[in-house]
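Colleague: Take this structure first; my questions come after.
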Amino acid sequence: MKRVTITGLLLATVLTLSGMAVQAAEMKIGVVNAGQVLDKSPQKEKALARLEKEFSSRSKSLEKKIKNLRSKQERLAKDGAILGADERKKKERDILSEQRELKRLQDEYSEDLSIRRNEELRKLEKEIAETIVSLAKKEKYDLVVYQGVIYASERADMTPKVLELLKSKAK
């Protein structure tokens, strides 16, 4: 009796597993290369252009302040020997104060740029995800893997289709 039960359980398990294999074989699975989509999407170029435009005036202002500070440092180094002690210390303090202010401005610039870059990246990732989901529903995929893929055959790769849709959206 026990042998019949164990044999029956084994048979049921094998049939269940083979049924799962058949179902898995019928699934339509797609893979999207996240890095390639991010690098080649026209939306990325537009986002970078927006950031460049938004931060260009601050960047130029910082560059101008850096040049101005360097010229003051060079002047002090060149004329320092002929200046009086009090005047030299005053100029050194002024330069040190400008260096601190410039460092603060550079830190603010970097932080603001990083925040905006992350905002743009989140928007881009959201648009990519929506595009992938839209394509997957349209072409009746059962499963789409987007990140963390080590290997995918060309048959499962949806990346070109996703890029094509993103390019059409960018126009």
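Scheme for the structure tokens: letters A, B, ... for chains in order shown; per-chain residue numbers from 1; ligand numbers from 1 in order shown.
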From a DSSP pass on the backbone, collect the residues of region 89-150 of chain A flagged as helix (DSSP H, G or I) and hand them back as a PyMOL selection string.
Modeller: chain A and resi 89-138
Colleague: Apply DSSP to the backbone of this structure and, from chain A, keep only the residues in strand (DSSP E or B); write these as a list of chain:residue names.
Modeller: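 The strand (DSSP E or B) residues within chain A come out as A:Ile29, A:Gly30, A:Val31, A:Leu143, A:Val144, A:Val145, A:Asp157.
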Colleague: Identify, on the basis of only C-alpha atoms, every residue whose closest approach to Ile66 (chain A) does not exceed 10 Å; exclude the query and any residue fewer than 5 positions from it along the same chain; express the result as a ChimeraX atom specification.
Modeller: /A:60-61,71-72,98-99,102-103
Colleague: Atoms to include: C-alpha atoms. Write the selected residues as a compact mmCIF listing (two decimals), in the first residue's frame.
Modeller:
```
# COMPACT_ATOMS: atom_id res chain seq x y z
CA LYS A 60 30.24 80.31 -16.74
CA SER A 61 29.92 82.48 -13.64
CA SER A 71 44.74 86.36 -11.28
CA LYS A 72 44.55 87.83 -7.75
CA GLU A 98 37.05 84.41 -1.95
CA GLN A 99 38.36 80.84 -1.99
CA LEU A 102 34.03 79.93 -4.41
CA LYS A 103 34.21 76.50 -2.73
```
Colleague: Mind pulling up the distance from CA of Ser168 (chain A) to CA of Lys123 (chain A)?
Modeller: 17.1 Å
Colleague: Can you pull out the residues contacting Leu143 (chain A)? Cut-off 9 Å, using only C-alpha atoms, and skip same-chain residues under 6 positions away; I want them as a list in words.
Modeller: Met27, Lys28, Ile29, Gly30, Val31 and Ala136 of chain A
Colleague: What is the distance between CA of Tyr151 (chain A) and CA of Asp39 (chain A), in Å to one decimal?
Modeller: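 These two atoms are separated by 18.6 Å.
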Colleague: Please list as a list in words every residue within 9 Å of region 108-115 of chain A, counting only C-alpha atoms and excluding residues in the same chain fewer than 3 positions away.
Modeller: Leu51, Phe55, Arg58, Ser59, Leu62, Lys103, Arg104, Leu105, Asn118, Glu119 and Glu120 of chain A
Colleague: Quick one: of A:Arg155, A:Lys65, A:Lys169, A:Arg93, who's nearest to Gln106 (chain A), counting only C-alpha atoms?
Modeller: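 The closest residue to Gln106 (chain A) is A:Lys65.
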Colleague: What lies within 9 Å of Asn33 (chain A) using only C-alpha atoms, ignoring chain neighbours under 3 positions off, as a list in words?
Modeller: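 Near neighbours after the sequence-gap exclusion: Gln36, Val37, Leu38, Val145, Tyr146, Gln147, Gly148, Val149, Asp157, Met158 and Thr159 of chain A.
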Colleague: Go ahead and write the selection's residues with N, CA and C atoms as a PDB file, in the first residue's frame.
Modeller:
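Final output, saved to result_7.pdb:
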```pdb
ATOM      1  N   GLN A  36      21.802  49.905 -22.603  1.00  0.00           N
ATOM      2  CA  GLN A  36      21.711  50.294 -24.007  1.00  0.00           C
ATOM      3  C   GLN A  36      20.553  51.260 -24.235  1.00  0.00           C
ATOM      4  N   VAL A  37      19.420  50.992 -23.618  1.00  0.00           N
ATOM      5  CA  VAL A  37      18.265  51.880 -23.781  1.00  0.00           C
ATOM      6  C   VAL A  37      18.573  53.257 -23.211  1.00  0.00           C
ATOM      7  N   LEU A  38      19.174  53.292 -22.021  1.00  0.00           N
ATOM      8  CA  LEU A  38      19.509  54.585 -21.410  1.00  0.00           C
ATOM      9  C   LEU A  38      20.518  55.347 -22.263  1.00  0.00           C
ATOM     10  N   VAL A 145      11.939  41.175 -18.679  1.00  0.00           N
ATOM     11  CA  VAL A 145      12.997  41.435 -17.707  1.00  0.00           C
ATOM     12  C   VAL A 145      13.772  42.648 -18.200  1.00  0.00           C
ATOM     13  N   TYR A 146      13.960  43.626 -17.310  1.00  0.00           N
ATOM     14  CA  TYR A 146      14.573  44.891 -17.713  1.00  0.00           C
ATOM     15  C   TYR A 146      15.972  45.077 -17.142  1.00  0.00           C
ATOM     16  N   GLN A 147      16.168  44.814 -15.878  1.00  0.00           N
ATOM     17  CA  GLN A 147      17.480  45.014 -15.277  1.00  0.00           C
ATOM     18  C   GLN A 147      17.962  43.729 -14.642  1.00  0.00           C
ATOM     19  N   GLY A 148      19.270  43.573 -14.551  1.00  0.00           N
ATOM     20  CA  GLY A 148      19.834  42.407 -13.905  1.00  0.00           C
ATOM     21  C   GLY A 148      19.920  41.182 -14.787  1.00  0.00           C
ATOM     22  N   VAL A 149      20.007  41.355 -16.084  1.00  0.00           N
ATOM     23  CA  VAL A 149      20.090  40.230 -17.010  1.00  0.00           C
ATOM     24  C   VAL A 149      21.552  39.999 -17.377  1.00  0.00           C
ATOM     25  N   ASP A 157      15.373  39.450 -27.035  1.00  0.00           N
ATOM     26  CA  ASP A 157      15.779  40.848 -26.834  1.00  0.00           C
ATOM     27  C   ASP A 157      14.787  41.823 -27.465  1.00  0.00           C
ATOM     28  N   MET A 158      14.170  42.637 -26.631  1.00  0.00           N
ATOM     29  CA  MET A 158      13.198  43.651 -27.080  1.00  0.00           C
ATOM     30  C   MET A 158      13.838  45.034 -27.204  1.00  0.00           C
ATOM     31  N   THR A 159      15.117  45.155 -26.871  1.00  0.00           N
ATOM     32  CA  THR A 159      15.778  46.461 -26.808  1.00  0.00           C
ATOM     33  C   THR A 159      15.603  47.286 -28.081  1.00  0.00           C
TER      34      THR A 159
END
```
